[in-house]
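Presented below is the structure to which this report refers.
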Amino acid sequence: MKKTHAFGLLLFFVLLAGSPLLAQEAGAVADKAPLYKLSLIVGGAVITLAAAAGAFCQAKAISSACEGISRNPGSAPTIRFIMIFGLVLIETLVIYALLIAIVILMIQWGNYK
Amino acid sequence: MEGLEHSVYVADLFNKLFGKPILALLGLLGIEPKNPHSPVPDYLVMVIIVALLLIILLGLASRKLSLIPSSRQSFLETILQTFEGILTDIIGETGKKYLPMIGTIGLFIFCSNMIGLVPGFMSPTSKLNVTAGCALAVFVYYHWQGIKAQGPLRYLKHFTGPIPALAPLLLPIEIISHFSRPVSLSLRLFGNIFAEELLIVIIASIVPFVLPLPFMAVAIFTAVIQSFVFVLLACIYIAGAVIQEEEH
């Protein structure tokens, strides 16, 4: 229950951080401006949520790996190997989100000149 | 994205030296490069530099081998044994015959990742073209080794799964999962190295002096981990293609 609260709070802050963009005055390209603002918000939100979820999962993986090592120090090399492997696989998904966020933010949808 | 990139001086030099003959050669083949002033893009120049560096350094270092290893030889043997250890851990004793491919790819990716930290150079692996090339090489190689180890029909039979009745369901899933492997391999490496270089550029544009140093230390860590993971996944793919199933 607490975790849902944390995620909800995070989402709220992400949206809050985007709200000044919504309040800005429309520029010269008024018809395309909403799309541009939306793309900025979405681009920021994508990587923020992905980083939060990825960090949560990685924390879980590391904590269980630590528990495993403290219970059975003899199997530390195997556990470390599997942990790094799993962490990288989790990291990959965050990296996908990062690439998508970079594409969204760099292309600047709607910011046509 | 164009504004963040500056030209690599080595690439400019290379294009000044070899640009004209390469342009003539491409003209013979009927290819018109997009930018006639620099027909060879800088990441390809960096690939050539990394390859030459590896060939020359390792070629020179592996001369005059003796039974009692000098420090240089034992360093080389440590590198070799690392790759051998990964291969024998995952594939088994037969895995040693894949050492040339795995070792080449691992050393190339490691050096490509690390050369980005040298001032005046860039990582060729921060371009999707280079990582996709490496991933495609692994993709073709493990299929080829699987066909060589098991024969074409038996290897293709793997894709249909254990139960013949489920084959029409499993075949598309298996094919999609096999084609997603090079995509994930290339995007993982590219994303990590690209994001890390972007991070260093952004941090250096804010505070150019001391602040980028910890991020560059993290970059060394990322370079090692990413090349290790690339090698590891290549080994796992080869193992999945090569190892024979007992029940048949």
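Residues are referred to by chain and number: the chain letter is A, B, ... according to the order shown in the structure tokens, the number counts from 1 in that chain, and ligands are numbered separately from 1 in the order shown.
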
Sort by chain and increasing residue number a table of all residues of chain A within 9 Å of chain B, each with its closest pair of atoms and their distance in Å to one decimal, counting only C-alpha atoms, and write it as JSON lines.
{"residue": "A:Ile84", "atom": "CA", "partner": "B:Ile225", "partner_atom": "CA", "distance": 8.7}
{"residue": "A:Phe85", "atom": "CA", "partner": "B:Val229", "partner_atom": "CA", "distance": 7.3}
{"residue": "A:Val88", "atom": "CA", "partner": "B:Val229", "partner_atom": "CA", "distance": 7.6}
{"residue": "A:Glu91", "atom": "CA", "partner": "B:Arg188", "partner_atom": "CA", "distance": 8.6}
{"residue": "A:Thr92", "atom": "CA", "partner": "B:Arg188", "partner_atom": "CA", "distance": 5.6}
{"residue": "A:Leu93", "atom": "CA", "partner": "B:Arg188", "partner_atom": "CA", "distance": 8.5}
{"residue": "A:Ile95", "atom": "CA", "partner": "B:Gly191", "partner_atom": "CA", "distance": 5.8}
{"residue": "A:Tyr96", "atom": "CA", "partner": "B:Gly191", "partner_atom": "CA", "distance": 7.2}
{"residue": "A:Leu98", "atom": "CA", "partner": "B:Gly191", "partner_atom": "CA", "distance": 7.7}
{"residue": "A:Leu99", "atom": "CA", "partner": "B:Gly191", "partner_atom": "CA", "distance": 6.4}
{"residue": "A:Ile102", "atom": "CA", "partner": "B:Ala195", "partner_atom": "CA", "distance": 9.0}
{"residue": "A:Met106", "atom": "CA", "partner": "B:Met1", "partner_atom": "CA", "distance": 6.4}
{"residue": "A:Ile107", "atom": "CA", "partner": "B:Met1", "partner_atom": "CA", "distance": 8.3}

* To do: Excluding Ile62 of chain A and residues on its chain fewer than 3 positions from it, collect all residues at most 12 Å away from it, counting only C-alpha atoms, and give them as a count of residues only.
  => 21

* To do: Write out as a PyMOL selection string the residues lying within 8 Å of Pro124 of chain B, counting only C-alpha atoms and excluding same-chain residues fewer than 6 positions away.
  => chain B and resi 43-44+46-47+112-113+116+130

* Hey, what's within 9 Å of Phe7 of chain A if we count only C-alpha atoms and toss same-chain stuff fewer than 4 positions away? As a PyMOL selection string, please? -> chain A and resi 2-3+11-12+49+52-53

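From atom CA of Pro100 of chain B back to atom CA of Thr78 of chain A, the distance works out to 25.7 Å.
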
Please give the complete set of residues from segment 10-200 of chain B that DSSP, run on the backbone, assigns to alpha helix (DSSP H), formatted as a compact mmCIF listing (two decimals) with N, CA and C atoms, in the first residue's frame.
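Below is the file that was written, out02.txt:
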# COMPACT_ATOMS: atom_id res chain seq x y z
N VAL B 10 40.89 13.38 -35.74
CA VAL B 10 41.50 12.25 -36.43
C VAL B 10 40.72 11.93 -37.70
N ALA B 11 39.38 12.06 -37.60
CA ALA B 11 38.55 11.78 -38.76
C ALA B 11 38.79 12.81 -39.85
N ASP B 12 38.97 14.08 -39.46
CA ASP B 12 39.28 15.11 -40.44
C ASP B 12 40.59 14.80 -41.15
N LEU B 13 41.58 14.40 -40.33
CA LEU B 13 42.90 14.07 -40.90
C LEU B 13 42.79 12.91 -41.86
N PHE B 14 42.04 11.88 -41.44
CA PHE B 14 41.87 10.69 -42.28
C PHE B 14 41.21 11.06 -43.60
N ASN B 15 40.18 11.91 -43.51
CA ASN B 15 39.48 12.29 -44.73
C ASN B 15 40.34 13.14 -45.63
N LYS B 16 41.24 13.96 -45.01
CA LYS B 16 42.13 14.78 -45.83
C LYS B 16 43.13 13.89 -46.57
N LEU B 17 43.56 12.82 -45.88
CA LEU B 17 44.57 11.94 -46.49
C LEU B 17 43.96 11.00 -47.52
N PHE B 18 42.86 10.32 -47.10
CA PHE B 18 42.33 9.24 -47.93
C PHE B 18 41.00 9.59 -48.57
N GLY B 19 40.52 10.83 -48.38
CA GLY B 19 39.19 11.17 -48.87
C GLY B 19 39.06 11.05 -50.38
N LYS B 20 40.07 11.55 -51.10
CA LYS B 20 39.98 11.58 -52.57
C LYS B 20 39.93 10.17 -53.17
N PRO B 21 40.88 9.27 -52.81
CA PRO B 21 40.80 7.91 -53.38
C PRO B 21 39.53 7.18 -53.02
N ILE B 22 39.05 7.37 -51.78
CA ILE B 22 37.83 6.69 -51.37
C ILE B 22 36.64 7.23 -52.15
N LEU B 23 36.66 8.55 -52.37
CA LEU B 23 35.58 9.17 -53.15
C LEU B 23 35.58 8.62 -54.57
N ALA B 24 36.79 8.47 -55.15
CA ALA B 24 36.89 7.93 -56.51
C ALA B 24 36.39 6.49 -56.55
N LEU B 25 36.77 5.73 -55.52
CA LEU B 25 36.37 4.33 -55.46
C LEU B 25 34.85 4.21 -55.33
N LEU B 26 34.26 5.06 -54.48
CA LEU B 26 32.81 5.03 -54.32
C LEU B 26 32.13 5.47 -55.61
N GLY B 27 32.76 6.42 -56.32
CA GLY B 27 32.20 6.88 -57.58
C GLY B 27 32.18 5.76 -58.62
N LEU B 28 33.22 4.92 -58.60
CA LEU B 28 33.26 3.77 -59.51
C LEU B 28 32.11 2.83 -59.22
N LEU B 29 31.78 2.66 -57.92
CA LEU B 29 30.69 1.76 -57.55
C LEU B 29 29.33 2.40 -57.72
N ASP B 42 33.00 9.76 -39.04
CA ASP B 42 34.04 9.67 -38.00
C ASP B 42 33.97 8.37 -37.23
N TYR B 43 32.75 7.78 -37.11
CA TYR B 43 32.71 6.52 -36.35
C TYR B 43 33.43 5.39 -37.10
N LEU B 44 33.38 5.46 -38.47
CA LEU B 44 34.11 4.43 -39.22
C LEU B 44 35.62 4.61 -39.08
N VAL B 45 36.05 5.88 -39.03
CA VAL B 45 37.47 6.14 -38.80
C VAL B 45 37.88 5.59 -37.43
N MET B 46 37.00 5.78 -36.45
CA MET B 46 37.33 5.28 -35.11
C MET B 46 37.36 3.76 -35.08
N VAL B 47 36.44 3.13 -35.84
CA VAL B 47 36.47 1.67 -35.92
C VAL B 47 37.80 1.20 -36.49
N ILE B 48 38.24 1.89 -37.57
CA ILE B 48 39.52 1.49 -38.18
C ILE B 48 40.66 1.69 -37.20
N ILE B 49 40.61 2.80 -36.45
CA ILE B 49 41.69 3.06 -35.49
C ILE B 49 41.72 2.00 -34.41
N VAL B 50 40.54 1.65 -33.88
CA VAL B 50 40.49 0.63 -32.83
C VAL B 50 40.99 -0.70 -33.36
N ALA B 51 40.56 -1.04 -34.58
CA ALA B 51 40.98 -2.33 -35.14
C ALA B 51 42.49 -2.37 -35.36
N LEU B 52 43.03 -1.26 -35.91
CA LEU B 52 44.48 -1.23 -36.13
C LEU B 52 45.24 -1.29 -34.82
N LEU B 53 44.72 -0.56 -33.82
CA LEU B 53 45.35 -0.55 -32.49
C LEU B 53 45.42 -1.95 -31.93
N LEU B 54 44.28 -2.66 -32.02
CA LEU B 54 44.25 -4.02 -31.47
C LEU B 54 45.19 -4.93 -32.24
N ILE B 55 45.14 -4.84 -33.58
CA ILE B 55 45.96 -5.74 -34.39
C ILE B 55 47.43 -5.48 -34.11
N ILE B 56 47.83 -4.20 -34.11
CA ILE B 56 49.25 -3.90 -33.97
C ILE B 56 49.72 -4.20 -32.55
N LEU B 57 48.93 -3.73 -31.54
CA LEU B 57 49.37 -3.92 -30.15
C LEU B 57 49.44 -5.40 -29.80
N LEU B 58 48.33 -6.11 -30.07
CA LEU B 58 48.31 -7.53 -29.69
C LEU B 58 49.24 -8.34 -30.57
N GLY B 59 49.38 -7.93 -31.83
CA GLY B 59 50.30 -8.64 -32.72
C GLY B 59 51.74 -8.51 -32.25
N LEU B 60 52.11 -7.27 -31.86
CA LEU B 60 53.47 -7.08 -31.36
C LEU B 60 53.66 -7.77 -30.02
N ALA B 61 52.60 -7.73 -29.17
CA ALA B 61 52.77 -8.26 -27.81
C ALA B 61 52.84 -9.77 -27.80
N SER B 71 56.10 -10.61 -17.85
CA SER B 71 54.93 -9.90 -17.33
C SER B 71 53.96 -9.59 -18.47
N ARG B 72 54.52 -9.26 -19.65
CA ARG B 72 53.67 -8.95 -20.80
C ARG B 72 52.88 -10.18 -21.22
N GLN B 73 53.55 -11.33 -21.24
CA GLN B 73 52.88 -12.55 -21.68
C GLN B 73 51.83 -12.99 -20.66
N SER B 74 52.14 -12.83 -19.38
CA SER B 74 51.14 -13.27 -18.39
C SER B 74 49.93 -12.35 -18.41
N PHE B 75 50.13 -11.08 -18.77
CA PHE B 75 48.98 -10.18 -18.92
C PHE B 75 48.09 -10.67 -20.06
N LEU B 76 48.72 -11.01 -21.19
CA LEU B 76 47.95 -11.53 -22.32
C LEU B 76 47.22 -12.81 -21.95
N GLU B 77 47.93 -13.68 -21.20
CA GLU B 77 47.30 -14.94 -20.81
C GLU B 77 46.12 -14.71 -19.88
N THR B 78 46.21 -13.66 -19.04
CA THR B 78 45.08 -13.35 -18.17
C THR B 78 43.86 -12.98 -19.00
N ILE B 79 44.07 -12.14 -20.04
CA ILE B 79 42.95 -11.77 -20.91
C ILE B 79 42.35 -13.01 -21.54
N LEU B 80 43.22 -13.86 -22.06
CA LEU B 80 42.77 -15.06 -22.76
C LEU B 80 42.00 -15.97 -21.80
N GLN B 81 42.54 -16.12 -20.58
CA GLN B 81 41.89 -17.03 -19.64
C GLN B 81 40.55 -16.50 -19.16
N THR B 82 40.40 -15.16 -19.14
CA THR B 82 39.10 -14.60 -18.78
C THR B 82 38.04 -15.05 -19.77
N PHE B 83 38.36 -14.87 -21.07
CA PHE B 83 37.39 -15.28 -22.09
C PHE B 83 37.16 -16.79 -22.05
N GLU B 84 38.26 -17.54 -21.88
CA GLU B 84 38.12 -18.99 -21.83
C GLU B 84 37.26 -19.43 -20.67
N GLY B 85 37.43 -18.73 -19.52
CA GLY B 85 36.64 -19.06 -18.33
C GLY B 85 35.16 -18.85 -18.58
N ILE B 86 34.81 -17.71 -19.21
CA ILE B 86 33.41 -17.44 -19.52
C ILE B 86 32.86 -18.53 -20.43
N LEU B 87 33.65 -18.87 -21.47
CA LEU B 87 33.17 -19.85 -22.45
C LEU B 87 32.97 -21.21 -21.80
N THR B 88 33.97 -21.67 -21.00
CA THR B 88 33.84 -23.00 -20.42
C THR B 88 32.76 -23.03 -19.34
N ASP B 89 32.53 -21.88 -18.67
CA ASP B 89 31.46 -21.85 -17.67
C ASP B 89 30.11 -22.07 -18.33
N ILE B 90 29.91 -21.46 -19.49
CA ILE B 90 28.56 -21.44 -20.07
C ILE B 90 28.36 -22.59 -21.04
N LEU B 99 36.48 -19.39 -29.06
CA LEU B 99 37.28 -18.32 -28.47
C LEU B 99 37.65 -17.22 -29.46
N PRO B 100 38.05 -17.52 -30.71
CA PRO B 100 38.45 -16.42 -31.60
C PRO B 100 37.37 -15.38 -31.80
N MET B 101 36.16 -15.83 -32.09
CA MET B 101 35.06 -14.88 -32.32
C MET B 101 34.73 -14.10 -31.07
N ILE B 102 34.55 -14.84 -29.96
CA ILE B 102 34.14 -14.17 -28.72
C ILE B 102 35.22 -13.21 -28.23
N GLY B 103 36.48 -13.67 -28.32
CA GLY B 103 37.57 -12.81 -27.87
C GLY B 103 37.70 -11.56 -28.72
N THR B 104 37.56 -11.72 -30.03
CA THR B 104 37.66 -10.56 -30.92
C THR B 104 36.56 -9.55 -30.62
N ILE B 105 35.33 -10.05 -30.52
CA ILE B 105 34.21 -9.14 -30.29
C ILE B 105 34.35 -8.46 -28.93
N GLY B 106 34.73 -9.24 -27.91
CA GLY B 106 34.87 -8.67 -26.58
C GLY B 106 35.94 -7.60 -26.53
N LEU B 107 37.12 -7.90 -27.09
CA LEU B 107 38.21 -6.91 -27.06
C LEU B 107 37.85 -5.68 -27.88
N PHE B 108 37.21 -5.91 -29.03
CA PHE B 108 36.85 -4.77 -29.87
C PHE B 108 35.87 -3.85 -29.16
N ILE B 109 34.84 -4.45 -28.54
CA ILE B 109 33.84 -3.61 -27.89
C ILE B 109 34.43 -2.92 -26.67
N PHE B 110 35.27 -3.64 -25.93
CA PHE B 110 35.89 -3.02 -24.76
C PHE B 110 36.75 -1.82 -25.17
N CYS B 111 37.59 -2.02 -26.20
CA CYS B 111 38.46 -0.91 -26.62
C CYS B 111 37.64 0.22 -27.22
N SER B 112 36.57 -0.11 -27.94
CA SER B 112 35.73 0.94 -28.51
C SER B 112 35.07 1.76 -27.42
N ASN B 113 34.63 1.07 -26.36
CA ASN B 113 34.01 1.81 -25.26
C ASN B 113 35.02 2.71 -24.58
N MET B 114 36.24 2.19 -24.40
CA MET B 114 37.20 2.93 -23.59
C MET B 114 37.83 4.07 -24.36
N ILE B 115 37.90 3.96 -25.70
CA ILE B 115 38.63 4.99 -26.44
C ILE B 115 37.86 6.31 -26.43
N LEU B 128 24.70 3.64 -33.58
CA LEU B 128 23.93 2.40 -33.68
C LEU B 128 24.47 1.50 -34.78
N ASN B 129 25.09 2.08 -35.81
CA ASN B 129 25.58 1.28 -36.93
C ASN B 129 26.62 0.26 -36.48
N VAL B 130 27.55 0.71 -35.62
CA VAL B 130 28.64 -0.16 -35.19
C VAL B 130 28.11 -1.28 -34.30
N THR B 131 27.25 -0.91 -33.32
CA THR B 131 26.75 -1.94 -32.41
C THR B 131 25.85 -2.92 -33.15
N ALA B 132 25.09 -2.41 -34.14
CA ALA B 132 24.24 -3.32 -34.92
C ALA B 132 25.10 -4.27 -35.73
N GLY B 133 26.26 -3.77 -36.21
CA GLY B 133 27.17 -4.65 -36.92
C GLY B 133 27.67 -5.77 -36.03
N CYS B 134 28.09 -5.42 -34.81
CA CYS B 134 28.57 -6.45 -33.88
C CYS B 134 27.46 -7.44 -33.56
N ALA B 135 26.25 -6.92 -33.30
CA ALA B 135 25.15 -7.81 -32.94
C ALA B 135 24.78 -8.73 -34.09
N LEU B 136 24.80 -8.19 -35.31
CA LEU B 136 24.47 -9.03 -36.47
C LEU B 136 25.53 -10.10 -36.68
N ALA B 137 26.80 -9.73 -36.42
CA ALA B 137 27.86 -10.73 -36.54
C ALA B 137 27.61 -11.88 -35.57
N VAL B 138 27.25 -11.54 -34.33
CA VAL B 138 26.96 -12.59 -33.35
C VAL B 138 25.76 -13.41 -33.79
N PHE B 139 24.74 -12.74 -34.31
CA PHE B 139 23.50 -13.41 -34.74
C PHE B 139 23.80 -14.44 -35.83
N VAL B 140 24.52 -14.00 -36.87
CA VAL B 140 24.85 -14.91 -37.96
C VAL B 140 25.74 -16.04 -37.45
N TYR B 141 26.69 -15.69 -36.57
CA TYR B 141 27.67 -16.67 -36.11
C TYR B 141 27.01 -17.78 -35.30
N TYR B 142 26.08 -17.41 -34.39
CA TYR B 142 25.54 -18.50 -33.56
C TYR B 142 24.60 -19.39 -34.34
N HIS B 143 23.89 -18.81 -35.32
CA HIS B 143 23.07 -19.68 -36.16
C HIS B 143 23.94 -20.63 -36.98
N TRP B 144 25.04 -20.07 -37.52
CA TRP B 144 25.93 -20.89 -38.34
C TRP B 144 26.54 -22.01 -37.51
N GLN B 145 26.97 -21.67 -36.29
CA GLN B 145 27.57 -22.70 -35.44
C GLN B 145 26.54 -23.75 -35.04
N GLY B 146 25.29 -23.31 -34.81
CA GLY B 146 24.25 -24.26 -34.47
C GLY B 146 23.98 -25.22 -35.63
N ILE B 147 23.94 -24.67 -36.84
CA ILE B 147 23.71 -25.54 -38.01
C ILE B 147 24.88 -26.49 -38.19
N LYS B 148 26.10 -25.96 -37.93
CA LYS B 148 27.29 -26.81 -38.10
C LYS B 148 27.31 -27.93 -37.06
N ALA B 149 26.86 -27.61 -35.84
CA ALA B 149 26.96 -28.60 -34.77
C ALA B 149 25.86 -29.64 -34.87
N GLN B 150 24.68 -29.27 -35.35
CA GLN B 150 23.55 -30.18 -35.27
C GLN B 150 23.01 -30.60 -36.63
N PRO B 152 21.40 -28.96 -40.47
CA PRO B 152 20.35 -27.98 -40.70
C PRO B 152 18.97 -28.42 -40.25
N LEU B 153 18.61 -29.68 -40.50
CA LEU B 153 17.23 -30.10 -40.19
C LEU B 153 17.01 -30.16 -38.69
N ARG B 154 17.98 -30.74 -37.99
CA ARG B 154 17.81 -30.85 -36.54
C ARG B 154 17.81 -29.49 -35.89
N TYR B 155 18.63 -28.57 -36.45
CA TYR B 155 18.66 -27.24 -35.88
C TYR B 155 17.33 -26.53 -36.09
N LEU B 156 16.76 -26.69 -37.28
CA LEU B 156 15.47 -26.05 -37.54
C LEU B 156 14.36 -26.67 -36.71
N LYS B 157 14.54 -27.95 -36.36
CA LYS B 157 13.53 -28.62 -35.58
C LYS B 157 13.41 -28.01 -34.18
N ALA B 167 3.58 -26.81 -32.61
CA ALA B 167 4.58 -26.18 -33.47
C ALA B 167 4.08 -24.92 -34.17
N PRO B 168 2.86 -24.88 -34.74
CA PRO B 168 2.43 -23.64 -35.40
C PRO B 168 2.35 -22.46 -34.45
N LEU B 169 2.13 -22.76 -33.16
CA LEU B 169 2.06 -21.68 -32.18
C LEU B 169 3.46 -21.21 -31.79
N LEU B 170 4.37 -22.18 -31.64
CA LEU B 170 5.69 -21.85 -31.11
C LEU B 170 6.62 -21.28 -32.16
N LEU B 171 6.40 -21.66 -33.42
CA LEU B 171 7.33 -21.24 -34.47
C LEU B 171 7.42 -19.72 -34.59
N PRO B 172 6.28 -19.00 -34.69
CA PRO B 172 6.41 -17.53 -34.77
C PRO B 172 7.04 -16.92 -33.53
N ILE B 173 6.70 -17.48 -32.36
CA ILE B 173 7.26 -16.93 -31.12
C ILE B 173 8.77 -17.09 -31.10
N GLU B 174 9.22 -18.30 -31.49
CA GLU B 174 10.66 -18.55 -31.50
C GLU B 174 11.37 -17.63 -32.50
N ILE B 175 10.75 -17.46 -33.68
CA ILE B 175 11.40 -16.63 -34.70
C ILE B 175 11.48 -15.19 -34.22
N ILE B 176 10.39 -14.71 -33.61
CA ILE B 176 10.41 -13.33 -33.10
C ILE B 176 11.46 -13.19 -32.01
N SER B 177 11.55 -14.19 -31.13
CA SER B 177 12.51 -14.07 -30.03
C SER B 177 13.94 -14.10 -30.56
N HIS B 178 14.16 -14.90 -31.63
CA HIS B 178 15.51 -14.91 -32.19
C HIS B 178 15.85 -13.60 -32.86
N PHE B 179 14.86 -12.98 -33.52
CA PHE B 179 15.18 -11.71 -34.19
C PHE B 179 15.26 -10.56 -33.21
N SER B 180 14.64 -10.72 -32.02
CA SER B 180 14.75 -9.63 -31.06
C SER B 180 16.11 -9.63 -30.37
N ARG B 181 16.86 -10.74 -30.51
CA ARG B 181 18.16 -10.79 -29.84
C ARG B 181 19.15 -9.75 -30.38
N PRO B 182 19.40 -9.69 -31.71
CA PRO B 182 20.33 -8.65 -32.16
C PRO B 182 19.84 -7.25 -31.87
N VAL B 183 18.51 -7.05 -31.91
CA VAL B 183 17.98 -5.72 -31.61
C VAL B 183 18.33 -5.34 -30.17
N SER B 184 18.08 -6.27 -29.24
CA SER B 184 18.33 -5.91 -27.84
C SER B 184 19.83 -5.79 -27.58
N LEU B 185 20.63 -6.66 -28.21
CA LEU B 185 22.09 -6.56 -28.04
C LEU B 185 22.60 -5.21 -28.49
N SER B 186 22.18 -4.80 -29.71
CA SER B 186 22.73 -3.57 -30.26
C SER B 186 22.20 -2.36 -29.51
N LEU B 187 20.88 -2.37 -29.18
CA LEU B 187 20.32 -1.19 -28.51
C LEU B 187 20.86 -1.03 -27.11
N ARG B 188 21.14 -2.15 -26.41
CA ARG B 188 21.66 -2.04 -25.05
C ARG B 188 23.02 -1.36 -25.06
N LEU B 189 23.91 -1.87 -25.91
CA LEU B 189 25.26 -1.31 -25.97
C LEU B 189 25.22 0.14 -26.43
N PHE B 190 24.47 0.38 -27.51
CA PHE B 190 24.39 1.74 -28.04
C PHE B 190 23.81 2.70 -27.01
N GLY B 191 22.72 2.29 -26.37
CA GLY B 191 22.07 3.18 -25.41
C GLY B 191 22.98 3.52 -24.25
N ASN B 192 23.67 2.52 -23.72
CA ASN B 192 24.55 2.77 -22.58
C ASN B 192 25.66 3.73 -22.94
N ILE B 193 26.37 3.44 -24.04
CA ILE B 193 27.54 4.25 -24.36
C ILE B 193 27.12 5.64 -24.81
N PHE B 194 26.04 5.70 -25.60
CA PHE B 194 25.56 6.99 -26.08
C PHE B 194 25.10 7.86 -24.93
N ALA B 195 24.32 7.27 -24.01
CA ALA B 195 23.80 8.04 -22.88
C ALA B 195 24.94 8.52 -22.00
N GLU B 196 25.95 7.66 -21.84
CA GLU B 196 27.06 8.04 -20.98
C GLU B 196 27.88 9.17 -21.60
N GLU B 197 28.08 9.12 -22.92
CA GLU B 197 28.80 10.21 -23.57
C GLU B 197 28.00 11.50 -23.51
N LEU B 198 26.69 11.36 -23.71
CA LEU B 198 25.82 12.54 -23.65
C LEU B 198 25.88 13.15 -22.26
N LEU B 199 25.88 12.28 -21.24
CA LEU B 199 25.93 12.75 -19.85
C LEU B 199 27.21 13.53 -19.61
N ILE B 200 28.33 12.97 -20.09
CA ILE B 200 29.62 13.65 -19.88
C ILE B 200 29.63 14.99 -20.60

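One distance worth recording is that between atom CA of Ile206 of chain B and atom CA of Ile47 of chain A, which is 21.2 Å.
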
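Between atom CA of Tyr9 of chain B and atom CA of Lys34 of chain B there is a distance of 19.5 Å.
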